[in-house]
Structure formats: C-alpha cells, structure tokens
$ cat entry.cif   # mmCIF, C-alpha atoms
data_entry
#
loop_
_atom_site.group_PDB
_atom_site.id
_atom_site.type_symbol
_atom_site.label_atom_id
_atom_site.label_comp_id
_atom_site.auth_asym_id
_atom_site.auth_seq_id
_atom_site.Cartn_x
_atom_site.Cartn_y
_atom_site.Cartn_z
ATOM 1 C CA MET A 1 3.522 12.449 -70.265
ATOM 2 C CA SER A 2 6.815 11.307 -71.766
ATOM 3 C CA VAL A 3 10.196 12.092 -70.236
ATOM 4 C CA LEU A 4 10.965 14.396 -73.184
ATOM 5 C CA THR A 5 7.734 16.355 -72.688
ATOM 6 C CA ILE A 6 8.415 16.762 -68.964
ATOM 7 C CA ALA A 7 11.977 17.895 -69.747
ATOM 8 C CA LYS A 8 10.608 20.500 -72.172
ATOM 9 C CA ILE A 9 8.153 21.788 -69.556
ATOM 10 C CA ILE A 10 10.856 22.079 -66.891
ATOM 11 C CA LEU A 11 13.088 23.976 -69.344
ATOM 12 C CA VAL A 12 10.187 26.329 -70.123
ATOM 13 C CA MET A 13 9.654 27.056 -66.424
ATOM 14 C CA LEU A 14 13.378 27.585 -65.875
ATOM 15 C CA LEU A 15 13.576 30.067 -68.748
ATOM 16 C CA TRP A 16 10.455 31.869 -67.521
ATOM 17 C CA ALA A 17 12.011 32.139 -64.052
ATOM 18 C CA ALA A 18 15.138 33.649 -65.584
ATOM 19 C CA CYS A 19 12.979 36.370 -67.155
ATOM 20 C CA PHE A 20 12.347 38.091 -63.818
ATOM 21 C CA PRO A 21 15.969 39.155 -63.141
ATOM 22 C CA LEU A 22 16.375 40.084 -66.817
ATOM 23 C CA ILE A 23 13.297 42.353 -66.689
ATOM 24 C CA THR A 24 14.565 43.946 -63.474
ATOM 25 C CA ALA A 25 17.926 44.622 -65.117
ATOM 26 C CA GLY A 26 16.386 45.962 -68.332
ATOM 27 C CA ILE A 27 13.961 48.488 -66.827
ATOM 28 C CA GLU A 28 16.967 50.350 -65.456
ATOM 29 C CA TYR A 29 17.749 51.354 -69.039
ATOM 30 C CA ALA A 30 14.361 51.712 -70.766
ATOM 31 C CA PRO A 31 10.735 52.708 -70.044
ATOM 32 C CA HIS A 32 8.629 49.714 -69.044
ATOM 33 C CA LEU A 33 6.333 49.349 -72.054
ATOM 34 C CA THR A 34 9.008 50.403 -74.537
ATOM 35 C CA PHE A 35 11.121 47.565 -73.177
ATOM 36 C CA ALA A 36 8.130 45.187 -73.290
ATOM 37 C CA ALA A 37 7.326 46.152 -76.890
ATOM 38 C CA GLY A 38 10.948 45.642 -77.936
ATOM 39 C CA ARG A 39 10.923 42.200 -76.353
ATOM 40 C CA ALA A 40 7.716 41.201 -78.163
ATOM 41 C CA LEU A 41 8.751 42.514 -81.577
ATOM 42 C CA LEU A 42 12.263 41.060 -81.539
ATOM 43 C CA ALA A 43 10.958 37.653 -80.483
ATOM 44 C CA GLY A 44 8.102 37.787 -83.000
ATOM 45 C CA LEU A 45 10.322 38.821 -85.897
ATOM 46 C CA THR A 46 12.822 36.072 -85.074
ATOM 47 C CA LEU A 47 10.238 33.270 -85.017
ATOM 48 C CA THR A 48 8.319 34.552 -88.043
ATOM 49 C CA ALA A 49 11.505 34.946 -90.099
ATOM 50 C CA LEU A 50 12.617 31.444 -89.151
ATOM 51 C CA ALA A 51 9.191 30.069 -90.071
ATOM 52 C CA LEU A 52 9.333 31.783 -93.484
ATOM 53 C CA VAL A 53 12.859 30.496 -94.162
ATOM 54 C CA LEU A 54 11.693 26.972 -93.333
ATOM 55 C CA ARG A 55 8.599 27.500 -95.539
ATOM 56 C CA ARG A 56 6.169 26.852 -92.693
ATOM 57 C CA PRO A 57 2.508 27.450 -93.630
ATOM 58 C CA LEU A 58 0.497 30.482 -92.547
ATOM 59 C CA PRO A 59 -2.687 29.964 -90.512
ATOM 60 C CA LYS A 60 -5.637 29.048 -92.735
ATOM 61 C CA GLY A 61 -9.042 30.616 -92.406
ATOM 62 C CA ALA A 62 -10.455 33.413 -90.313
ATOM 63 C CA GLY A 63 -10.944 31.101 -87.326
ATOM 64 C CA HIS A 64 -7.278 30.248 -86.959
ATOM 65 C CA TRP A 65 -6.196 33.867 -87.503
ATOM 66 C CA THR A 66 -8.680 34.961 -84.843
ATOM 67 C CA MET A 67 -7.276 32.471 -82.358
ATOM 68 C CA VAL A 68 -3.705 33.595 -83.067
ATOM 69 C CA ALA A 69 -4.794 37.194 -82.492
ATOM 70 C CA ILE A 70 -6.462 36.242 -79.181
ATOM 71 C CA VAL A 71 -3.232 34.592 -78.041
ATOM 72 C CA GLY A 72 -1.287 37.706 -79.028
ATOM 73 C CA PHE A 73 -3.645 40.018 -77.191
ATOM 74 C CA GLY A 74 -3.703 37.790 -74.097
ATOM 75 C CA ALA A 75 -0.191 36.425 -73.674
ATOM 76 C CA THR A 76 1.789 39.263 -75.222
ATOM 77 C CA ALA A 77 -0.217 42.488 -74.938
ATOM 78 C CA LEU A 78 -1.998 41.944 -71.606
ATOM 79 C CA GLY A 79 0.654 39.619 -70.186
ATOM 80 C CA PHE A 80 3.595 41.932 -70.832
ATOM 81 C CA LEU A 81 1.671 45.107 -69.945
ATOM 82 C CA GLY A 82 0.562 43.661 -66.626
ATOM 83 C CA MET A 83 3.869 42.167 -65.505
ATOM 84 C CA PHE A 84 6.125 45.017 -66.644
ATOM 85 C CA HIS A 85 3.936 47.656 -64.964
ATOM 86 C CA ALA A 86 3.395 45.577 -61.828
ATOM 87 C CA ALA A 87 7.121 45.819 -61.142
ATOM 88 C CA GLU A 88 6.545 49.489 -60.266
ATOM 89 C CA PHE A 89 4.089 48.726 -57.458
ATOM 90 C CA VAL A 90 4.433 45.198 -56.091
ATOM 91 C CA SER A 91 7.282 43.222 -54.572
ATOM 92 C CA PRO A 92 8.380 40.044 -56.362
ATOM 93 C CA GLY A 93 6.918 37.869 -53.589
ATOM 94 C CA ILE A 94 3.396 39.241 -53.932
ATOM 95 C CA ALA A 95 3.702 39.200 -57.726
ATOM 96 C CA THR A 96 4.644 35.532 -57.644
ATOM 97 C CA VAL A 97 1.654 34.585 -55.501
ATOM 98 C CA ILE A 98 -0.900 36.435 -57.618
ATOM 99 C CA ALA A 99 0.627 35.351 -60.935
ATOM 100 C CA ASN A 100 0.488 31.724 -59.861
ATOM 101 C CA THR A 101 -3.279 31.809 -59.585
ATOM 102 C CA GLN A 102 -3.044 31.308 -63.358
ATOM 103 C CA PRO A 103 -3.016 27.477 -63.236
ATOM 104 C CA LEU A 104 -6.159 27.561 -61.092
ATOM 105 C CA LEU A 105 -7.860 29.968 -63.497
ATOM 106 C CA ALA A 106 -6.757 27.857 -66.464
ATOM 107 C CA ALA A 107 -8.080 24.701 -64.812
ATOM 108 C CA MET A 108 -11.512 26.290 -64.444
ATOM 109 C CA LEU A 109 -11.566 27.713 -67.975
ATOM 110 C CA GLY A 110 -10.077 24.554 -69.467
ATOM 111 C CA SER A 111 -12.804 22.448 -67.917
ATOM 112 C CA ILE A 112 -15.365 24.496 -69.864
ATOM 113 C CA VAL A 113 -13.572 25.035 -73.178
ATOM 114 C CA LEU A 114 -11.264 21.997 -73.462
ATOM 115 C CA LYS A 115 -13.404 19.532 -71.511
ATOM 116 C CA GLU A 116 -10.394 18.729 -69.317
ATOM 117 C CA ARG A 117 -11.500 17.903 -65.784
ATOM 118 C CA LEU A 118 -9.265 17.856 -62.749
ATOM 119 C CA THR A 119 -9.593 14.806 -60.555
ATOM 120 C CA LYS A 120 -9.703 15.243 -56.795
ATOM 121 C CA LEU A 121 -6.011 14.375 -56.791
ATOM 122 C CA GLY A 122 -5.308 16.994 -59.428
ATOM 123 C CA MET A 123 -7.231 19.735 -57.624
ATOM 124 C CA THR A 124 -5.461 18.831 -54.381
ATOM 125 C CA GLY A 125 -2.152 19.178 -56.216
ATOM 126 C CA LEU A 126 -3.006 22.629 -57.576
ATOM 127 C CA ILE A 127 -4.103 23.845 -54.144
ATOM 128 C CA LEU A 128 -0.951 22.462 -52.510
ATOM 129 C CA GLY A 129 1.144 24.155 -55.185
ATOM 130 C CA PHE A 130 -0.506 27.504 -54.523
ATOM 131 C CA VAL A 131 -0.094 27.086 -50.752
ATOM 132 C CA GLY A 132 3.566 26.351 -51.408
ATOM 133 C CA ILE A 133 3.938 29.580 -53.377
ATOM 134 C CA LEU A 134 2.172 31.458 -50.583
ATOM 135 C CA SER A 135 4.661 30.020 -48.097
ATOM 136 C CA ILE A 136 7.612 30.961 -50.316
ATOM 137 C CA ALA A 137 6.371 34.549 -50.577
ATOM 138 C CA ALA A 138 5.250 34.876 -46.927
ATOM 139 C CA PRO A 139 8.200 37.032 -45.789
ATOM 140 C CA GLU A 140 7.522 39.489 -48.624
ATOM 141 C CA LEU A 141 3.802 39.505 -47.914
ATOM 142 C CA VAL A 142 4.149 40.468 -44.254
ATOM 143 C CA SER A 143 6.968 42.975 -44.716
ATOM 144 C CA GLY A 144 4.542 45.806 -45.550
ATOM 145 C CA GLY A 145 5.487 49.085 -47.191
ATOM 146 C CA GLN A 146 3.447 48.492 -50.342
ATOM 147 C CA LYS A 147 1.218 51.579 -50.371
ATOM 148 C CA THR A 148 0.100 51.086 -53.944
ATOM 149 C CA TYR A 149 -0.113 47.287 -53.832
ATOM 150 C CA ILE A 150 -3.746 47.300 -55.027
ATOM 151 C CA VAL A 151 -2.670 48.838 -58.333
ATOM 152 C CA GLY A 152 0.111 46.291 -58.644
ATOM 153 C CA ILE A 153 -2.194 43.383 -57.886
ATOM 154 C CA ALA A 154 -4.627 44.663 -60.519
ATOM 155 C CA TYR A 155 -1.842 44.671 -63.117
ATOM 156 C CA ILE A 156 -0.771 41.136 -62.170
ATOM 157 C CA MET A 157 -4.334 39.836 -62.323
ATOM 158 C CA LEU A 158 -4.641 41.433 -65.766
ATOM 159 C CA ALA A 159 -1.515 39.556 -66.856
ATOM 160 C CA ALA A 160 -2.701 36.291 -65.280
ATOM 161 C CA LEU A 161 -6.073 36.575 -67.018
ATOM 162 C CA GLY A 162 -4.455 37.263 -70.389
ATOM 163 C CA ILE A 163 -2.070 34.323 -70.037
ATOM 164 C CA THR A 164 -4.887 32.041 -68.875
ATOM 165 C CA VAL A 165 -7.036 32.781 -71.917
ATOM 166 C CA SER A 166 -4.076 32.481 -74.280
ATOM 167 C CA ASN A 167 -3.030 29.101 -72.846
ATOM 168 C CA VAL A 168 -6.500 27.686 -73.389
ATOM 169 C CA VAL A 169 -6.557 29.002 -76.972
ATOM 170 C CA ILE A 170 -3.035 27.680 -77.650
ATOM 171 C CA LYS A 171 -4.233 24.262 -76.541
ATOM 172 C CA ARG A 172 -7.170 24.547 -78.968
ATOM 173 C CA ILE A 173 -4.937 25.336 -81.960
ATOM 174 C CA ALA A 174 -1.965 23.133 -81.032
ATOM 175 C CA GLY A 175 -1.414 20.602 -83.813
ATOM 176 C CA LYS A 176 -3.601 22.575 -86.221
ATOM 177 C CA ILE A 177 -1.280 25.537 -86.875
ATOM 178 C CA ASP A 178 2.486 25.501 -87.296
ATOM 179 C CA ALA A 179 4.107 26.301 -83.947
ATOM 180 C CA LEU A 180 6.851 28.636 -85.246
ATOM 181 C CA MET A 181 4.491 30.631 -87.426
ATOM 182 C CA ALA A 182 1.712 30.832 -84.836
ATOM 183 C CA MET A 183 3.947 31.990 -81.987
ATOM 184 C CA GLY A 184 5.835 34.456 -84.162
ATOM 185 C CA LEU A 185 2.645 36.018 -85.484
ATOM 186 C CA GLN A 186 0.983 36.226 -82.072
ATOM 187 C CA MET A 187 3.976 38.149 -80.683
ATOM 188 C CA LEU A 188 3.918 40.580 -83.597
ATOM 189 C CA ILE A 189 0.153 41.064 -83.233
ATOM 190 C CA GLY A 190 0.404 41.467 -79.462
ATOM 191 C CA GLY A 191 3.343 43.821 -79.829
ATOM 192 C CA VAL A 192 1.287 46.365 -81.788
ATOM 193 C CA PRO A 193 -0.839 47.529 -78.800
ATOM 194 C CA LEU A 194 2.319 47.694 -76.669
ATOM 195 C CA VAL A 195 4.014 49.928 -79.249
ATOM 196 C CA LEU A 196 0.979 52.226 -79.491
ATOM 197 C CA ILE A 197 0.608 52.562 -75.712
ATOM 198 C CA ALA A 198 4.352 53.100 -75.293
ATOM 199 C CA TRP A 199 4.343 55.896 -77.881
ATOM 200 C CA ALA A 200 1.348 57.529 -76.184
ATOM 201 C CA THR A 201 2.565 57.278 -72.586
ATOM 202 C CA GLU A 202 6.370 57.031 -72.682
ATOM 203 C CA ASP A 203 9.389 58.443 -74.469
ATOM 204 C CA PRO A 204 10.949 55.557 -76.425
ATOM 205 C CA ALA A 205 13.903 57.787 -77.269
ATOM 206 C CA SER A 206 14.882 57.799 -73.587
ATOM 207 C CA ILE A 207 16.350 54.290 -73.819
ATOM 208 C CA ARG A 208 19.911 54.305 -72.511
ATOM 209 C CA TRP A 209 21.573 52.029 -75.030
ATOM 210 C CA SER A 210 24.493 50.020 -73.689
ATOM 211 C CA PHE A 211 26.061 46.611 -74.117
ATOM 212 C CA THR A 212 24.269 45.436 -70.962
ATOM 213 C CA PHE A 213 20.826 46.539 -72.158
ATOM 214 C CA VAL A 214 21.300 45.004 -75.623
ATOM 215 C CA ALA A 215 22.474 41.723 -74.074
ATOM 216 C CA VAL A 216 19.497 41.676 -71.693
ATOM 217 C CA LEU A 217 17.026 42.470 -74.491
ATOM 218 C CA ILE A 218 18.427 39.744 -76.754
ATOM 219 C CA ALA A 219 18.495 37.131 -73.990
ATOM 220 C CA LEU A 220 14.979 38.010 -72.838
ATOM 221 C CA SER A 221 13.566 38.099 -76.366
ATOM 222 C CA LEU A 222 15.231 35.050 -77.888
ATOM 223 C CA PHE A 223 15.476 32.671 -74.935
ATOM 224 C CA GLY A 224 12.865 33.971 -72.471
ATOM 225 C CA THR A 225 10.218 34.578 -75.134
ATOM 226 C CA ALA A 226 10.778 33.083 -78.602
ATOM 227 C CA LEU A 227 12.280 29.762 -77.468
ATOM 228 C CA VAL A 228 9.909 29.504 -74.503
ATOM 229 C CA TYR A 229 6.713 29.945 -76.495
ATOM 230 C CA TRP A 230 7.827 27.603 -79.271
ATOM 231 C CA LEU A 231 8.601 24.920 -76.653
ATOM 232 C CA TRP A 232 5.325 25.592 -74.807
ATOM 233 C CA PHE A 233 3.294 25.249 -78.014
ATOM 234 C CA SER A 234 5.023 21.940 -78.797
ATOM 235 C CA VAL A 235 4.283 20.724 -75.250
ATOM 236 C CA LEU A 236 0.575 21.533 -75.538
ATOM 237 C CA GLU A 237 0.416 19.561 -78.788
ATOM 238 C CA LYS A 238 0.871 16.412 -76.686
ATOM 239 C CA ALA A 239 0.069 17.166 -73.032
ATOM 240 C CA PRO A 240 -3.169 18.201 -71.255
ATOM 241 C CA LEU A 241 -3.101 21.886 -70.328
ATOM 242 C CA ASN A 242 -3.778 21.307 -66.624
ATOM 243 C CA ARG A 243 -0.923 18.845 -66.238
ATOM 244 C CA ALA A 244 1.556 21.023 -68.119
ATOM 245 C CA ASN A 245 0.369 24.200 -66.389
ATOM 246 C CA ALA A 246 0.880 22.709 -62.938
ATOM 247 C CA PHE A 247 4.634 22.946 -63.494
ATOM 248 C CA SER A 248 4.343 26.767 -63.359
ATOM 249 C CA PHE A 249 4.574 26.383 -59.583
ATOM 250 C CA LEU A 250 8.240 25.579 -60.220
ATOM 251 C CA ILE A 251 8.908 29.109 -61.546
ATOM 252 C CA PRO A 252 9.369 30.785 -58.130
ATOM 253 C CA ILE A 253 11.412 27.778 -56.981
ATOM 254 C CA PHE A 254 13.804 28.288 -59.879
ATOM 255 C CA GLY A 255 13.697 32.032 -59.184
ATOM 256 C CA LEU A 256 14.738 31.521 -55.578
ATOM 257 C CA THR A 257 17.496 29.160 -56.684
ATOM 258 C CA ILE A 258 18.818 31.712 -59.183
ATOM 259 C CA GLY A 259 18.716 34.357 -56.457
ATOM 260 C CA ALA A 260 20.616 32.122 -54.033
ATOM 261 C CA LEU A 261 23.262 31.185 -56.599
ATOM 262 C CA PHE A 262 23.865 34.551 -58.245
ATOM 263 C CA PHE A 263 22.485 37.257 -55.924
ATOM 264 C CA ASP A 264 23.445 35.923 -52.467
ATOM 265 C CA GLU A 265 19.806 35.572 -51.410
ATOM 266 C CA THR A 266 19.119 33.200 -48.520
ATOM 267 C CA LEU A 267 16.303 30.679 -48.112
ATOM 268 C CA GLY A 268 14.360 30.501 -44.841
ATOM 269 C CA TRP A 269 12.271 27.644 -43.490
ATOM 270 C CA SER A 270 9.081 29.047 -45.026
ATOM 271 C CA GLN A 271 10.698 29.074 -48.476
ATOM 272 C CA LEU A 272 12.058 25.539 -48.075
ATOM 273 C CA GLY A 273 8.669 24.283 -46.879
ATOM 274 C CA GLY A 274 6.962 26.062 -49.772
ATOM 275 C CA ILE A 275 9.336 24.444 -52.250
ATOM 276 C CA ALA A 276 8.464 21.005 -50.866
ATOM 277 C CA LEU A 277 4.713 21.702 -51.111
ATOM 278 C CA ALA A 278 5.010 23.050 -54.658
ATOM 279 C CA ILE A 279 6.947 19.984 -55.817
ATOM 280 C CA LEU A 280 4.383 17.712 -54.136
ATOM 281 C CA GLY A 281 1.558 19.617 -55.839
ATOM 282 C CA VAL A 282 3.144 19.254 -59.268
ATOM 283 C CA SER A 283 3.672 15.531 -58.739
ATOM 284 C CA LEU A 284 0.008 15.023 -57.787
ATOM 285 C CA VAL A 285 -1.293 16.838 -60.865
ATOM 286 C CA THR A 286 1.062 15.045 -63.230
ATOM 287 C CA ARG A 287 0.038 11.660 -61.824
ATOM 288 C CA ASP A 288 -3.497 11.064 -63.096
ATOM 289 C CA GLY A 289 -4.596 14.545 -62.125
ATOM 290 C CA THR A 290 -6.647 15.164 -65.255
ATOM 291 C CA LYS A 291 -9.547 13.395 -66.971
ATOM 292 C CA SER A 292 -10.431 14.004 -70.608
ATOM 293 C CA ALA A 293 -13.984 14.457 -71.802
ATOM 294 C CA ALA A 294 -14.014 10.881 -73.109
ATOM 295 C CA VAL A 295 -13.106 9.479 -69.706
ATOM 296 C CA ILE A 296 -15.685 11.650 -67.967
ATOM 297 C CA ASP A 297 -18.420 10.701 -70.366
ATOM 298 C CA GLY A 298 -17.600 7.033 -69.872
#
$ encode --input "entry.cif" --output "structure tokens"
Amino acid sequence: MSVLTIAKIILVMLLWAACFPLITAGIEYAPHLTFAAGRALLAGLTLTALALVLRRPLPKGAGHWTMVAIVGFGATALGFLGMFHAAEFVSPGIATVIANTQPLLAAMLGSIVLKERLTKLGMTGLILGFVGILSIAAPELVSGGQKTYIVGIAYIMLAALGITVSNVVIKRIAGKIDALMAMGLQMLIGGVPLVLIAWATEDPASIRWSFTFVAVLIALSLFGTALVYWLWFSVLEKAPLNRANAFSFLIPIFGLTIGALFFDETLGWSQLGGIALAILGVSLVTRDGTKSAAVIDG
C-alpha cells in the first residue's frame, strides 16, 4: 500500500475512534435511535447533495443498486442500531473487544467472496491485534457489574456482522460506482429503517435541542460518518480489504489516547502492552499478510 493510502486509513480509524465520545455526549440529549437516524440522514444528504452538484453518476443496473442497499442495511441500519443500543448495556471495554472481531469475520468472509487469502503472517497479525484489544479492555472485562451484558454483546455482534458484510460488498463495488454517490445513497437507504424503528419505539420530539447537541450531531455526521465512509470507499478501491481492515485495531488505541488527553483517563500496563500488540498485529498484516486469488492459484 502507498503512503497516501496508509495515511487515509489511519485518518479513518482516528475519526471512527472520535465517534465514541461524540455518541456518548449526544445520547444525553436524544433517544438512541433518533440520534442514530439523524446521524445517518444528515451524512447521507450531505454526500448525495455533493455528488449531485458535482454531477456524479448514479449506480447503473439492479445489481449495483442492490449492493448499495446491502451496504446501507449492514453498515448504517444494523451497524448504528447495534452500537447505539449497546451503549445502554455494555461498558466501552467489552464493546471494543466484541466490535473488533469484525476484521476476523471480514477475513473469513472475504476469503470466500473476494478470494483474498490471509497468509500465516497475516492471520498471526490479526490474532495478535485481537489479543492486544483484549489486553486493553481487560480492566473493564473483570470489573463486573454488567447484569445485562448478554443483551449488549448481542447488539454489538449484530453491528459487527452488519459492518463485516458491508465492507465485503463495498470492496466488490469499489471502482465500479462513484464513491460519493454510493456512500450517500447507502446512508439514506440505511437511515430509513432507523427512522421507522425510532418512530415506533421512541419519542423523537423528546430531543433536547441545544448548541452542544447540534455541534455533536454535525461533527458526528459530517466528519465521523460522511467523510469517513468516503475515505474508506476510496481506500478499498486500491487496497485489499484484509490489509485495510487490520488497521481497525488502532481504533481503541486512538480512543484511549483521546481519553488520556481530554478526559484525564490513565493507561495501565495492560493497556500499554495491548497497544504494543495491536500495533505489531497491524504491521504483520500490512506486510505481505494477504494473497490474492491469482497468487493462490499460481
């Protein structure tokens, strides 16, 4: 991968890490799914409007529209529903561990659909990355007090599954559909189920509008969603999914750093050791950790 592609991936992971404190701040002012739906729709409208202004083409054919819809249902509908609801039941440490099974799930699915195979070095890197995340979250995991953690884990696994499927589909359509248009449309499509469920289960009128909530919603929607997915799509146009996805182990590292810098959180030896393992895992995957179908077939 080129230096520019790696820089894009690291920026994506940094912005995704910044989403967690923004979500925590936002749910103080709005019901979970109402907030999630607002995030999806604002981001989707922004990207779609920009694509129309720039005269970017719409997806062509039922196949491409179907794939865009699958991405919307997976990444936006299931992804947002799972993560926003999981915040009610599971501590951030446990959520981080379960959510970061996604690269492992994507590696397995990608090997079937995309014909990308992990080398032994690549698989070792993914496992080390996950062990690193487990070490980072160890204090949260052993602290107890999570009576409804099974429900929370179920929500996170739902989100991880949706994101896994969407990443594989994004890789399939990358380079075939305009990035701005595809990501804008998938957010609008995925936002529809969120709106319907929010109307049925919550009171959207209960949002406590304030400057803080509006600022959080805009930052989360434009930078943590619209910009992130446009960058991620452009990355997958050039990089193998498994290599790019391995960098997701950096998300909790960035999250811990943000917490230490802005929320006076401290890092123990288990977190520092986990950070080292996660970085080592990413480096192994990015260094010849993937074989394409052509290489495998000889």
$ resolve_selection --input "entry.cif" --expression "the PyMOL selection byres ((chain A and resi 163) around 10)" --output "PDB file with C-alpha atoms, in the frame of the given file"
ATOM      1  CA  VAL A  71      -3.232  34.592 -78.041  1.00  0.00           C
ATOM      2  CA  GLY A  72      -1.287  37.706 -79.028  1.00  0.00           C
ATOM      3  CA  PHE A  73      -3.645  40.018 -77.191  1.00  0.00           C
ATOM      4  CA  GLY A  74      -3.703  37.790 -74.097  1.00  0.00           C
ATOM      5  CA  ALA A  75      -0.191  36.425 -73.674  1.00  0.00           C
ATOM      6  CA  THR A  76       1.789  39.263 -75.222  1.00  0.00           C
ATOM      7  CA  ALA A  77      -0.217  42.488 -74.938  1.00  0.00           C
ATOM      8  CA  LEU A  78      -1.998  41.944 -71.606  1.00  0.00           C
ATOM      9  CA  GLY A  79       0.654  39.619 -70.186  1.00  0.00           C
ATOM     10  CA  PHE A  80       3.595  41.932 -70.832  1.00  0.00           C
ATOM     11  CA  ALA A  99       0.627  35.351 -60.935  1.00  0.00           C
ATOM     12  CA  GLN A 102      -3.044  31.308 -63.358  1.00  0.00           C
ATOM     13  CA  PRO A 103      -3.016  27.477 -63.236  1.00  0.00           C
ATOM     14  CA  LEU A 105      -7.860  29.968 -63.497  1.00  0.00           C
ATOM     15  CA  ALA A 106      -6.757  27.857 -66.464  1.00  0.00           C
ATOM     16  CA  MET A 157      -4.334  39.836 -62.323  1.00  0.00           C
ATOM     17  CA  LEU A 158      -4.641  41.433 -65.766  1.00  0.00           C
ATOM     18  CA  ALA A 159      -1.515  39.556 -66.856  1.00  0.00           C
ATOM     19  CA  ALA A 160      -2.701  36.291 -65.280  1.00  0.00           C
ATOM     20  CA  LEU A 161      -6.073  36.575 -67.018  1.00  0.00           C
ATOM     21  CA  GLY A 162      -4.455  37.263 -70.389  1.00  0.00           C
ATOM     22  CA  THR A 164      -4.887  32.041 -68.875  1.00  0.00           C
ATOM     23  CA  VAL A 165      -7.036  32.781 -71.917  1.00  0.00           C
ATOM     24  CA  SER A 166      -4.076  32.481 -74.280  1.00  0.00           C
ATOM     25  CA  ASN A 167      -3.030  29.101 -72.846  1.00  0.00           C
ATOM     26  CA  VAL A 168      -6.500  27.686 -73.389  1.00  0.00           C
ATOM     27  CA  VAL A 169      -6.557  29.002 -76.972  1.00  0.00           C
TER      28      VAL A 169
END
$ resolve_selection --input "entry.cif" --expression "the PyMOL selection byres ((chain A and resi 27-38) around 8)" --output "number ranges by chain"
A: 23-26, 39-42, 80-81, 84-85, 191-192, 194-195, 197-199, 202-204, 206-209, 213, 217
$ atom_distance --input "entry.cif" --atom1 "atom CA of Val216 of chain A" --atom2 "atom CA of Leu188 of chain A"
19.6 Å
$ resolve_selection --input "entry.cif" --expression "the PyMOL selection byres ((chain A and resi 220) around 10)" --output "list in words"
Leu15, Trp16, Ala18, Cys19, Phe20, Pro21, Leu22, Ile23, Gly26, Ala36, Arg39, Ala40, Leu42, Ala43, Val214, Ala215, Val216, Leu217, Ile218, Ala219, Ser221, Leu222, Phe223, Gly224, Thr225, Ala226 and Leu227 of chain A
$ write_last_selection --input "entry.cif" --atoms "C-alpha atoms" --output "short mmCIF file (atom, residue, chain, number, x, y, z; two decimals), in the coordinates of the input"
data_model
loop_
_atom_site.label_atom_id
_atom_site.label_comp_id
_atom_site.auth_asym_id
_atom_site.auth_seq_id
_atom_site.Cartn_x
_atom_site.Cartn_y
_atom_site.Cartn_z
CA LEU A 15 13.58 30.07 -68.75
CA TRP A 16 10.46 31.87 -67.52
CA ALA A 18 15.14 33.65 -65.58
CA CYS A 19 12.98 36.37 -67.16
CA PHE A 20 12.35 38.09 -63.82
CA PRO A 21 15.97 39.16 -63.14
CA LEU A 22 16.38 40.08 -66.82
CA ILE A 23 13.30 42.35 -66.69
CA GLY A 26 16.39 45.96 -68.33
CA ALA A 36 8.13 45.19 -73.29
CA ARG A 39 10.92 42.20 -76.35
CA ALA A 40 7.72 41.20 -78.16
CA LEU A 42 12.26 41.06 -81.54
CA ALA A 43 10.96 37.65 -80.48
CA VAL A 214 21.30 45.00 -75.62
CA ALA A 215 22.47 41.72 -74.07
CA VAL A 216 19.50 41.68 -71.69
CA LEU A 217 17.03 42.47 -74.49
CA ILE A 218 18.43 39.74 -76.75
CA ALA A 219 18.50 37.13 -73.99
CA SER A 221 13.57 38.10 -76.37
CA LEU A 222 15.23 35.05 -77.89
CA PHE A 223 15.48 32.67 -74.94
CA GLY A 224 12.86 33.97 -72.47
CA THR A 225 10.22 34.58 -75.13
CA ALA A 226 10.78 33.08 -78.60
CA LEU A 227 12.28 29.76 -77.47
#
$ atom_distance --input "entry.cif" --atom1 "atom CA of Thr257 of chain A" --atom2 "atom CA of Ser210 of chain A"
27.8 Å
$ atom_distance --input "entry.cif" --atom1 "atom CA of Gly268 of chain A" --atom2 "atom CA of Leu126 of chain A"
22.9 Å
$ closest_residue --input "entry.cif" --among "A:Leu180, A:Leu284, A:Leu4, A:Ile279" --to "Arg243 of chain A" --atoms "all atoms listed in the file"
A:Leu284
$ residues_around --input "entry.cif" --residues "Leu231 of chain A" --least-positions-apart "6" --cutoff "8 Å" --atoms "only C-alpha atoms" --output "count of residues only"
3
$ closest_residue --input "entry.cif" --among "A:Glu237, A:Gln186, A:Tyr229, A:Leu118" --to "Lys171 of chain A" --atoms "all atoms listed in the file"
A:Glu237
$ residues_around --input "entry.cif" --residues "Gly175 of chain A" --least-positions-apart "6" --cutoff "9 Å" --atoms "all atoms listed in the file" --output "list in words"
Phe233, Ser234, Leu236, Glu237 and Lys238 of chain A
$ axis_aligned_box --input "entry.cif" --around "segment 176-189 of chain A" --padding-each-side "6 Å" --output "JSON"
{"center_x": 1.6, "center_y": 31.8, "center_z": -84.1, "size_x": 22.5, "size_y": 30.5, "size_z": 18.7}
$ closest_residue --input "entry.cif" --among "A:Leu11, A:Val53, A:Ala154, A:Met67" --to "Leu185 of chain A" --atoms "only C-alpha atoms"
A:Met67
$ closest_residue --input "entry.cif" --among "A:Leu272, A:Ala246, A:Ile251, A:Ala62" --to "Met123 of chain A" --atoms "only C-alpha atoms"
A:Ala246
$ closest_residue --input "entry.cif" --among "A:Gly44, A:Gly63, A:Gly132, A:Gly273" --to "Pro252 of chain A" --atoms "all atoms listed in the file"
A:Gly132
$ closest_residue --input "entry.cif" --among "A:Ala86, A:Leu47, A:Ile127, A:Ile177" --to "Ile153 of chain A" --atoms "only C-alpha atoms"
A:Ala86
$ residues_around --input "entry.cif" --residues "Thr124 of chain A" --least-positions-apart "4" --cutoff "8 Å" --atoms "only C-alpha atoms" --output "MDAnalysis selection string"
chainID A and resid 120 128 281 284:285
